[in-house]
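The file work_18.cif comes next; it holds mmCIF, C-alpha atoms.
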```
data_model
#
loop_
_atom_site.label_atom_id
_atom_site.label_comp_id
_atom_site.auth_asym_id
_atom_site.auth_seq_id
_atom_site.Cartn_x
_atom_site.Cartn_y
_atom_site.Cartn_z
CA MET A 1 0.00 0.00 0.00
CA LEU A 2 2.79 2.40 0.90
CA TRP A 3 4.61 1.71 -2.37
CA ASN A 4 1.48 2.23 -4.43
CA SER A 5 0.76 5.49 -2.60
CA LEU A 6 4.29 6.68 -3.31
CA LEU A 7 3.95 5.84 -7.03
CA LEU A 8 0.65 7.68 -7.24
CA ALA A 9 2.15 10.69 -5.48
CA LEU A 10 5.16 10.83 -7.83
CA ARG A 11 2.88 10.41 -10.85
CA SER A 12 0.79 13.37 -9.70
CA ILE A 13 3.91 15.51 -9.18
CA ARG A 14 5.18 14.59 -12.64
CA ARG A 15 1.88 15.57 -14.27
CA ASN A 16 2.31 19.15 -12.98
CA LEU A 17 6.06 19.71 -13.07
CA MET A 18 5.98 23.51 -13.28
CA ARG A 19 3.48 23.84 -10.46
CA SER A 20 5.44 21.35 -8.35
CA PHE A 21 8.68 23.25 -8.99
CA LEU A 22 7.16 26.55 -7.94
CA THR A 23 5.67 24.88 -4.88
CA VAL A 24 8.97 23.48 -3.61
CA LEU A 25 10.87 26.68 -4.41
CA GLY A 26 9.93 28.13 -1.03
CA ILE A 27 11.30 25.04 0.73
CA VAL A 28 14.49 25.19 -1.37
CA ILE A 29 15.09 28.82 -0.44
CA GLY A 30 14.26 28.22 3.21
CA VAL A 31 16.52 25.21 3.66
CA SER A 32 19.43 26.75 1.75
CA ALA A 33 19.10 30.05 3.66
CA VAL A 34 19.12 28.33 7.07
CA ILE A 35 22.10 26.10 6.27
CA THR A 36 24.07 28.90 4.60
CA MET A 37 23.52 31.36 7.47
CA VAL A 38 24.48 28.83 10.13
CA THR A 39 27.51 27.58 8.18
CA LEU A 40 28.84 31.07 7.54
CA GLY A 41 28.18 32.02 11.16
CA GLN A 42 30.16 29.07 12.41
CA GLY A 43 32.95 29.89 9.96
CA ALA A 44 33.03 33.49 11.20
CA THR A 45 33.18 32.24 14.80
CA ARG A 46 36.12 29.98 13.97
CA ALA A 47 37.87 32.84 12.15
CA VAL A 48 37.51 35.08 15.21
CA GLN A 49 38.85 32.35 17.49
CA ASP A 50 41.82 31.72 15.18
CA GLN A 51 42.60 35.43 14.95
CA ILE A 52 42.51 35.82 18.73
CA ALA A 53 44.67 32.71 19.12
CA SER A 54 47.21 34.21 16.72
CA LEU A 55 47.79 37.04 19.21
CA GLY A 56 49.31 34.58 21.64
CA SER A 57 48.71 31.39 23.58
CA ASN A 58 47.03 31.75 27.00
CA LEU A 59 48.02 35.39 26.90
CA LEU A 60 47.54 38.18 29.42
CA GLN A 61 48.00 41.74 28.18
CA VAL A 62 48.91 44.19 30.94
CA ARG A 63 48.55 47.90 30.20
CA PRO A 64 48.63 51.07 32.33
CA GLY A 65 45.33 52.75 33.18
CA GLN A 66 41.97 51.41 34.29
CA ARG A 67 40.47 50.96 30.81
CA LEU A 68 41.48 50.17 27.24
CA GLY A 69 41.58 52.51 24.26
CA PRO A 70 43.11 55.92 23.53
CA GLY A 71 43.49 57.97 26.67
CA GLY A 72 42.62 54.96 28.78
CA ASP A 73 45.81 55.20 30.82
CA GLY A 74 44.50 58.34 32.56
CA GLY A 75 48.06 59.47 33.21
CA ALA A 76 48.92 56.26 35.05
CA PRO A 77 52.63 55.38 35.23
CA THR A 78 53.93 52.97 32.61
CA PHE A 79 55.96 49.85 33.30
CA VAL A 80 59.70 49.22 33.48
CA GLU A 81 61.76 46.24 32.41
CA GLY A 82 62.01 45.12 36.03
CA ASP A 83 58.23 44.54 36.12
CA ALA A 84 58.52 41.92 33.36
CA GLN A 85 61.44 40.23 35.09
CA ALA A 86 59.54 40.14 38.41
CA ILE A 87 56.47 38.52 36.85
CA ALA A 88 58.62 35.92 35.08
CA THR A 89 60.55 34.92 38.23
CA GLN A 90 58.02 35.36 41.04
CA ILE A 91 54.74 33.97 39.65
CA GLY A 92 54.16 30.29 39.00
CA GLY A 93 52.37 29.08 35.88
CA VAL A 94 54.01 31.71 33.66
CA ARG A 95 55.70 30.44 30.51
CA ALA A 96 57.20 33.68 29.21
CA VAL A 97 56.94 37.44 29.75
CA ALA A 98 57.77 40.00 27.07
CA PRO A 99 57.77 43.79 27.37
CA GLU A 100 56.46 45.66 24.34
CA VAL A 101 57.07 49.21 23.13
CA ARG A 102 55.29 50.01 19.87
CA ARG A 103 55.70 53.09 17.68
CA GLY A 104 54.63 54.08 14.19
CA VAL A 105 57.60 54.94 11.95
CA THR A 106 58.60 55.34 8.34
CA LEU A 107 60.90 52.63 7.02
CA VAL A 108 63.30 53.21 4.13
CA GLN A 109 65.11 50.64 2.03
CA GLY A 110 66.87 51.90 -1.06
CA ALA A 111 64.39 53.99 -3.05
CA ARG A 112 61.35 52.55 -1.26
CA ASN A 113 59.67 53.74 1.91
CA TRP A 114 56.79 52.34 3.95
CA SER A 115 54.86 53.47 7.04
CA SER A 116 54.80 50.67 9.57
CA SER A 117 55.17 49.86 13.27
CA VAL A 118 58.32 49.00 15.15
CA VAL A 119 58.11 46.88 18.28
CA GLY A 120 60.85 46.96 20.87
CA THR A 121 60.88 43.72 22.83
CA THR A 122 62.91 40.68 23.86
CA ALA A 123 63.29 37.17 22.47
CA ALA A 124 60.42 36.08 24.76
CA TYR A 125 58.07 37.96 22.42
CA PHE A 126 58.23 35.05 19.98
CA ASP A 127 56.86 32.71 22.66
CA THR A 128 54.16 35.01 24.03
CA ASN A 129 52.79 35.95 20.59
CA ASN A 130 53.24 32.63 18.79
CA TRP A 131 55.62 34.10 16.23
CA VAL A 132 57.55 31.70 14.02
CA LEU A 133 60.57 32.62 11.93
CA ALA A 134 60.34 31.86 8.23
CA ASP A 135 64.06 32.51 7.87
CA GLY A 136 66.98 33.86 9.89
CA ARG A 137 67.29 33.97 13.67
CA ARG A 138 66.09 35.71 16.83
CA PHE A 139 67.92 38.31 18.89
CA ASP A 140 70.56 36.91 21.20
CA GLU A 141 71.15 38.07 24.78
CA ALA A 142 74.22 40.11 23.87
CA GLU A 143 72.27 42.06 21.23
CA GLU A 144 69.45 42.71 23.71
CA ARG A 145 71.83 43.97 26.42
CA ALA A 146 73.78 46.18 24.01
CA GLY A 147 70.75 47.52 22.16
CA ALA A 148 72.23 46.34 18.86
CA SER A 149 70.98 47.65 15.50
CA VAL A 150 69.43 44.41 14.33
CA CYS A 151 65.82 43.80 13.29
CA ILE A 152 63.35 41.13 12.22
CA VAL A 153 60.78 42.09 9.58
CA GLY A 154 57.22 40.91 8.99
CA ALA A 155 55.92 39.51 5.71
CA THR A 156 54.17 42.74 4.69
CA VAL A 157 57.26 44.86 5.29
CA ARG A 158 59.36 42.38 3.34
CA ARG A 159 56.90 42.50 0.41
CA GLU A 160 56.66 46.29 0.32
CA LEU A 161 60.36 47.10 0.78
CA PHE A 162 62.28 44.10 -0.52
CA GLY A 163 59.86 42.55 -3.02
CA SER A 164 60.93 39.01 -3.81
CA ALA A 165 64.54 39.60 -2.74
CA ASN A 166 66.00 37.96 0.37
CA PRO A 167 66.12 40.65 3.10
CA LEU A 168 68.58 38.81 5.38
CA GLY A 169 71.75 40.80 5.90
CA GLU A 170 70.32 43.86 4.16
CA PRO A 171 70.20 47.29 5.85
CA LEU A 172 66.86 48.84 6.80
CA ARG A 173 66.58 52.46 7.83
CA VAL A 174 64.30 53.19 10.80
CA ARG A 175 63.96 56.93 11.28
CA GLN A 176 67.53 58.26 11.59
CA PHE A 177 69.38 54.99 12.12
CA SER A 178 69.97 51.84 10.11
CA CYS A 179 69.56 48.26 11.31
CA THR A 180 70.57 44.94 9.79
CA VAL A 181 67.82 42.44 9.00
CA ILE A 182 68.58 39.15 10.77
CA GLY A 183 65.21 37.39 10.51
CA LEU A 184 61.94 37.14 8.61
CA LEU A 185 58.66 36.42 10.41
CA ALA A 186 56.25 33.83 9.04
CA ALA A 187 52.99 35.41 7.83
CA LYS A 188 50.07 35.54 10.29
CA GLY A 189 47.47 37.63 8.46
CA GLN A 190 44.94 39.96 10.01
CA ALA A 191 44.09 40.12 13.69
CA ALA A 192 40.52 40.18 15.06
CA MET A 193 40.17 43.96 14.67
CA GLY A 194 41.47 44.04 11.10
CA LEU A 195 45.07 44.93 12.04
CA ASP A 196 47.72 43.52 9.71
CA GLN A 197 49.95 41.55 12.08
CA ASP A 198 52.63 41.15 9.40
CA ASP A 199 53.15 44.91 9.03
CA VAL A 200 55.73 45.08 11.80
CA VAL A 201 59.47 45.27 12.49
CA LEU A 202 60.89 43.79 15.70
CA LEU A 203 63.95 45.33 17.35
CA PRO A 204 65.64 44.76 20.73
CA LEU A 205 63.85 46.67 23.50
CA ARG A 206 66.81 48.88 24.42
CA THR A 207 67.40 49.76 20.77
CA VAL A 208 63.89 51.20 20.49
CA GLN A 209 64.12 52.91 23.87
CA ARG A 210 67.39 54.64 22.99
CA ARG A 211 66.85 55.47 19.31
CA VAL A 212 63.07 55.75 18.86
CA THR A 213 61.23 56.64 22.08
CA GLY A 214 64.09 58.21 24.05
CA SER A 215 62.78 56.77 27.35
CA THR A 216 62.74 53.53 29.34
CA ARG A 217 58.95 53.44 29.57
CA ILE A 218 57.15 50.25 28.57
CA ASN A 219 53.53 50.43 27.46
CA THR A 220 52.56 46.75 27.49
CA LEU A 221 53.57 43.56 29.27
CA LEU A 222 52.67 40.29 27.54
CA VAL A 223 52.36 37.33 29.90
CA SER A 224 52.04 33.87 28.37
CA MET A 225 50.67 31.22 30.74
CA ARG A 226 51.35 27.52 30.71
CA ASP A 227 48.61 25.27 29.38
CA ASP A 228 48.13 23.58 32.78
CA SER A 229 47.97 26.84 34.74
CA ASP A 230 44.86 28.42 36.27
CA PRO A 231 44.27 31.66 34.32
CA ALA A 232 42.26 33.26 37.13
CA ARG A 233 44.98 32.53 39.69
CA VAL A 234 47.79 33.79 37.43
CA LYS A 235 45.82 36.92 36.58
CA ALA A 236 45.19 37.66 40.27
CA ALA A 237 48.85 37.01 41.12
CA VAL A 238 50.04 39.39 38.37
CA ALA A 239 47.67 42.09 39.60
CA GLN A 240 48.80 41.67 43.22
CA LEU A 241 52.50 41.76 42.28
CA LEU A 242 52.07 44.92 40.20
CA ARG A 243 50.13 46.59 43.01
CA GLU A 244 53.06 45.92 45.35
CA ARG A 245 55.64 47.15 42.85
CA ARG A 246 53.59 50.28 42.13
CA LYS A 247 53.11 50.84 45.89
CA LEU A 248 49.33 51.06 45.80
CA ALA A 249 47.50 51.20 49.13
CA ASP A 250 44.73 48.71 49.91
CA ASP A 251 42.03 51.32 49.32
CA GLU A 252 43.51 52.53 46.02
CA PRO A 253 42.16 51.11 42.73
CA ASP A 254 44.46 49.47 40.19
CA ASN A 255 46.15 51.95 37.86
CA PHE A 256 46.64 49.20 35.30
CA ASN A 257 44.44 46.59 33.61
CA VAL A 258 45.06 42.90 32.96
CA LEU A 259 43.23 41.51 29.93
CA ASP A 260 42.91 37.79 29.20
CA THR A 261 42.75 37.29 25.41
CA ARG A 262 40.64 34.18 25.93
CA GLN A 263 37.94 36.41 27.40
CA ILE A 264 37.99 38.43 24.17
CA ALA A 265 37.66 35.22 22.15
CA GLN A 266 34.75 34.01 24.29
CA THR A 267 32.97 37.37 24.08
CA LEU A 268 33.37 37.71 20.31
CA SER A 269 32.50 34.05 19.74
CA GLY A 270 29.38 34.43 21.87
CA THR A 271 28.35 37.48 19.88
CA THR A 272 28.78 35.74 16.51
CA GLU A 273 26.91 32.67 17.78
CA ILE A 274 23.96 34.84 18.85
CA MET A 275 23.94 36.56 15.46
CA THR A 276 24.11 33.17 13.74
CA THR A 277 21.11 31.96 15.74
CA LEU A 278 19.11 35.09 14.91
CA LEU A 279 19.93 34.87 11.21
CA GLY A 280 19.08 31.18 11.17
CA ALA A 281 15.75 31.89 12.87
CA VAL A 282 14.91 34.61 10.34
CA ALA A 283 15.82 32.30 7.48
CA ALA A 284 13.66 29.53 8.99
CA VAL A 285 10.60 31.74 8.51
CA SER A 286 10.88 31.12 4.77
CA LEU A 287 10.48 27.40 5.51
CA LEU A 288 7.10 28.12 7.06
CA VAL A 289 6.18 30.20 4.03
CA GLY A 290 7.17 27.28 1.82
CA GLY A 291 5.00 24.97 3.93
CA ILE A 292 2.01 27.26 3.47
CA GLY A 293 2.65 27.12 -0.28
CA ILE A 294 2.59 23.31 -0.16
CA MET A 295 -0.71 23.33 1.74
CA ASN A 296 -2.21 25.76 -0.76
CA ILE A 297 -1.22 23.64 -3.77
CA MET A 298 -2.38 20.44 -2.09
CA LEU A 299 -5.80 22.00 -1.48
CA VAL A 300 -5.94 22.96 -5.16
CA SER A 301 -4.92 19.42 -6.08
CA VAL A 302 -7.70 17.94 -3.93
CA THR A 303 -10.24 20.21 -5.63
CA GLU A 304 -8.98 19.28 -9.10
CA ARG A 305 -8.98 15.55 -8.36
CA THR A 306 -12.29 15.34 -6.50
CA ARG A 307 -13.81 12.98 -9.07
CA GLU A 308 -10.71 10.75 -9.01
CA ILE A 309 -10.93 10.58 -5.23
CA GLY A 310 -14.63 9.74 -5.42
CA ILE A 311 -13.96 6.86 -7.83
CA ARG A 312 -11.26 5.44 -5.57
CA LEU A 313 -13.51 5.61 -2.54
CA ALA A 314 -16.45 4.13 -4.49
CA ILE A 315 -14.50 1.04 -5.60
CA GLY A 316 -13.31 0.26 -2.09
CA ALA A 317 -10.33 2.48 -1.23
CA LEU A 318 -10.11 3.18 2.51
CA GLU A 319 -9.98 6.69 3.92
CA ARG A 320 -6.53 6.06 5.35
CA GLU A 321 -5.26 5.04 1.90
CA VAL A 322 -6.47 8.30 0.36
CA LEU A 323 -5.05 10.21 3.34
CA LEU A 324 -1.70 8.46 2.93
CA GLN A 325 -1.58 9.16 -0.81
CA PHE A 326 -1.94 12.92 -0.42
CA LEU A 327 0.25 13.04 2.69
CA ILE A 328 3.05 11.23 0.85
CA GLU A 329 2.69 13.64 -2.03
CA ALA A 330 3.12 16.62 0.31
CA VAL A 331 6.10 15.02 2.08
CA ALA A 332 7.69 14.13 -1.28
CA LEU A 333 7.42 17.73 -2.43
CA ALA A 334 8.95 19.01 0.82
CA ALA A 335 11.71 16.37 0.82
CA MET A 336 12.70 17.13 -2.77
CA GLY A 337 12.81 20.81 -1.89
CA GLY A 338 14.94 19.98 1.14
CA LEU A 339 17.44 17.97 -0.90
CA ALA A 340 17.71 20.72 -3.50
CA GLY A 341 18.13 23.26 -0.67
CA VAL A 342 20.98 21.27 0.88
CA LEU A 343 22.84 21.13 -2.46
CA LEU A 344 22.25 24.83 -3.10
CA ALA A 345 23.41 25.68 0.43
CA ALA A 346 26.64 23.72 -0.06
CA LEU A 347 27.48 25.66 -3.22
CA ALA A 348 26.50 29.01 -1.67
CA SER A 349 28.41 28.33 1.55
CA VAL A 350 31.63 27.41 -0.25
CA GLY A 351 31.44 30.47 -2.49
CA LEU A 352 30.50 32.96 0.23
CA ALA A 353 33.05 31.54 2.68
CA ALA A 354 35.80 32.13 0.13
CA LEU A 355 34.45 35.63 -0.57
CA MET A 356 34.27 36.50 3.14
CA GLU A 357 37.63 34.83 3.83
CA VAL A 358 36.26 32.61 6.58
CA PRO A 359 36.73 28.83 6.83
CA PHE A 360 34.04 26.56 5.38
CA LEU A 361 32.91 24.20 8.12
CA PHE A 362 30.58 21.44 6.97
CA ASN A 363 28.06 20.72 9.72
CA ALA A 364 26.30 17.40 9.13
CA SER A 365 23.88 17.98 12.01
CA ILE A 366 22.49 21.27 10.69
CA ASN A 367 22.16 19.79 7.18
CA GLY A 368 20.33 16.76 8.53
CA LEU A 369 18.17 18.91 10.81
CA ALA A 370 17.16 21.22 7.97
CA LEU A 371 16.33 18.25 5.74
CA GLY A 372 14.30 16.59 8.47
CA PHE A 373 12.53 19.86 9.25
CA SER A 374 11.57 20.27 5.61
CA ALA A 375 9.99 16.78 5.63
CA ALA A 376 8.19 17.67 8.86
CA ILE A 377 6.86 20.79 7.15
CA GLY A 378 5.41 18.51 4.47
CA VAL A 379 3.66 16.38 7.10
CA LEU A 380 2.40 19.40 9.04
CA PHE A 381 1.05 21.38 6.11
CA GLY A 382 0.04 18.37 4.03
CA TYR A 383 -2.11 16.72 6.68
CA PHE A 384 -5.09 19.08 6.43
CA PRO A 385 -5.49 18.78 2.62
CA ALA A 386 -4.97 14.99 2.87
CA ARG A 387 -7.61 14.67 5.59
CA ARG A 388 -9.99 16.78 3.53
CA ALA A 389 -9.49 14.45 0.56
CA ALA A 390 -10.00 11.34 2.69
CA ARG A 391 -13.27 12.63 4.15
CA LEU A 392 -14.93 13.43 0.84
CA ASP A 393 -18.36 11.88 0.32
CA PRO A 394 -17.96 9.48 -2.66
CA ILE A 395 -21.43 10.29 -4.02
CA GLU A 396 -20.83 14.04 -3.89
CA ALA A 397 -17.34 13.57 -5.32
CA LEU A 398 -18.64 11.59 -8.31
CA ARG A 399 -21.08 14.35 -9.18
CA ARG A 400 -18.17 16.76 -9.77
CA GLU A 401 -17.22 17.37 -13.38
#
```
Now, as a test, write the supplied structure out as structure tokens.
Amino acid sequence: MLWNSLLLALRSIRRNLMRSFLTVLGIVIGVSAVITMVTLGQGATRAVQDQIASLGSNLLQVRPGQRLGPGGDGGAPTFVEGDAQAIATQIGGVRAVAPEVRRGVTLVQGARNWSSSVVGTTAAYFDTNNWVLADGRRFDEAEERAGASVCIVGATVRRELFGSANPLGEPLRVRQFSCTVIGLLAAKGQAAMGLDQDDVVLLPLRTVQRRVTGSTRINTLLVSMRDDSDPARVKAAVAQLLRERRKLADDEPDNFNVLDTRQIAQTLSGTTEIMTTLLGAVAAVSLLVGGIGIMNIMLVSVTERTREIGIRLAIGALEREVLLQFLIEAVALAAMGGLAGVLLAALASVGLAALMEVPFLFNASINGLALGFSAAIGVLFGYFPARRAARLDPIEALRRE
């Protein structure tokens, strides 16, 4: 009986191909919109997490002032190199600590010039910020102590100033002094806020302090924690140590802030997940619209085939058989629309993910859920027309022309 009902349903769909196509179009659009929105949202979430992770592993960023942003320091004193050394030696669970002094400068190499950022730091910066050398070497301790004129360039600086040439051993002018390129950083790409991480030149901390800033002030301390450490405990210990070193009384607020980059990742990921859910919910509305379209067409089909239904009932067909026939037809329409929607969503997701530069993450569960939901839409909106067909009076049905 089920097989016969399925054959009758497919035969009816085939008789009205154009009408069937237009009927399932709403389901196709609904399913593809839901899957595409959720897939792109998950890709955006992963991109944000990867960008935050590229800033450093288990990283704490310590800055002067009570809040972030321009003017956030409120005139609070900056840090000194001894603060970084104290955190590295006195707090457990810390993997590496790197001071950071950043300034915008103009770089010159031959006839080319480029506006970029120089970062004065130590060799620990490579560990705190997950930097990998594509070529060359890091600073050594002697170069850090002496404030030597050596530098390591990022991929963007290399491209803009050296082109395809090997920059190792070449001179690079930074403001009024020249440094020798000893290393090339592996490319990282953009950070979470759109900053090009590769547009940077690293120099020893004392070199920048003497030749660029003219002071021993340090604007940022980067504290990388071990994977097995307790971030909350390490963060509290860093804050307590800095309060002691800055001689703050118990009733005085912190004149610095300690930011855990994992909190940024969780906040941004939570935001993108909420937006993904909202977009998916909005797209799901089109599934309901498609279901209403199926119900409308099924009601038209029942009206058109009243005499056929009457004949079937008159020669002995049961009500449940007529009900099943029309219900299967509605489910078949919805399921075909769901399958087409899944295929369309796959193509759209791959193309849009490449356009938006986010990873394409295939989610089998959301594809299966959307397909199952489309079939459920067929059952829900196909039941009323099917029941109406099954309850027709055979005598009245046979009188229809």
Select, from A:Asp227, A:Glu329, A:Asp198, A:Glu273, the residue with the minimum atom-to-atom distance to Gln42 in chain A, counting all atoms listed in the file. A:Glu273
Do a neighbour search on Phe126 in chain A at 10 Å with only C-alpha atoms, toss out local chain neighbours closer than 2 positions, and write the hits as a list in words. Gly56, Ala96, Ala98, Thr121, Thr122, Ala123, Ala124, Thr128, Asn129, Asn130, Trp131, Val132, Leu133, Arg138 and Leu185 of chain A
Output file for the residues above (C-alpha atoms, as a compact mmCIF listing (two decimals), keeping the file's coordinate frame):
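Output saved as result_8.txt:
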```txt
# COMPACT_ATOMS: atom_id res chain seq x y z
CA GLY A 56 49.31 34.58 21.64
CA ALA A 96 57.20 33.68 29.21
CA ALA A 98 57.77 40.00 27.07
CA THR A 121 60.88 43.72 22.83
CA THR A 122 62.91 40.68 23.86
CA ALA A 123 63.29 37.17 22.47
CA ALA A 124 60.42 36.08 24.76
CA THR A 128 54.16 35.01 24.03
CA ASN A 129 52.79 35.95 20.59
CA ASN A 130 53.24 32.63 18.79
CA TRP A 131 55.62 34.10 16.23
CA VAL A 132 57.55 31.70 14.02
CA LEU A 133 60.57 32.62 11.93
CA ARG A 138 66.09 35.71 16.83
CA LEU A 185 58.66 36.42 10.41
```
Assuming the chain letters and numbering stay as they are in my file, what does the PyMOL selection byres ((chain A and resi 216) around 8) actually select? List them as an MDAnalysis selection string. chainID A and resid 80:81 206 209:210 214:215 217:218
When you count only C-alpha atoms, which of these residues is closest to Val201 in chain A: A:Ala335, A:Cys151, A:Val31, A:Leu278?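 Closest to Val201 in chain A of all the choices is A:Cys151.
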Local residues around (36.7, 30.5, 5.1), at most 12 Å away, using only C-alpha atoms, as a ChimeraX atom specification: /A:39-48,50,349-362
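Selection check: the PyMOL selection byres ((chain A and resi 200) around 8) on the shown file gives Ser116, Ser117, Val118, Val119, Val153, Gly154, Thr156, Val157, Gln197, Asp198, Asp199, Val201 and Leu202 of chain A.
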Compile the contact shell of range 284-290 of chain A as a ChimeraX atom specification: residues with an atom at most 9 Å away, counting all atoms listed in the file, same-chain residues fewer than 4 positions apart removed. /A:23-31,33-34,279-280,294-295,334,373-374,377
Quick one, how far is CA of Leu22 in chain A from CA of Leu343 in chain A?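 Straight-line distance from CA of Leu22 in chain A to CA of Leu343 in chain A works out to 17.5 Å.
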I'd like to see the residues matched by the PyMOL selection byres ((chain A and resi 150) around 12) on this file, and ideally I'd get them as a PyMOL selection string. chain A and resi 120+136-140+142-144+146-149+151-153+168-174+177-184+201-208
Just need the box for range 348-363 of chain A, edges along x, y and z, holding every atom the file lists for it with 5 Å tacked onto each side, so centre and edge lengths in Å to one decimal, as lines of an AutoDock Vina configuration file.
```
center_x = 32.1
center_y = 28.6
center_z = 3.6
size_x = 21.1
size_y = 25.8
size_z = 22.2
```
Gap from CA of Arg226 in chain A to CA of Arg95 in chain A - Å, one decimal: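 About the pair CA of Arg226 in chain A and CA of Arg95 in chain A: they are 5.2 Å apart.
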Leaving out Asp250 in chain A and any residue of its chain fewer than 5 positions from it, which residues lie within 12 Å of it when counting only C-alpha atoms, given as a ChimeraX atom specification? /A:240,243-244
Export C-alpha atoms of the chosen residues as a CSV table (one decimal), keeping the file's coordinate frame?
```csv
chain,number,residue,atom,x,y,z
A,240,GLN,CA,48.8,41.7,43.2
A,243,ARG,CA,50.1,46.6,43.0
A,244,GLU,CA,53.1,45.9,45.4
```
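Each of A:Thr277, A:Thr213, A:Thr89, A:Asn58 was checked against Ile366 in chain A using all atoms listed in the file; the smallest atom-to-atom distance is that of A:Thr277.
Closest approach to Thr106 in chain A among A:Gln85, A:Pro64, A:Arg175, A:Tyr125: A:Arg175, based on all atoms listed in the file.
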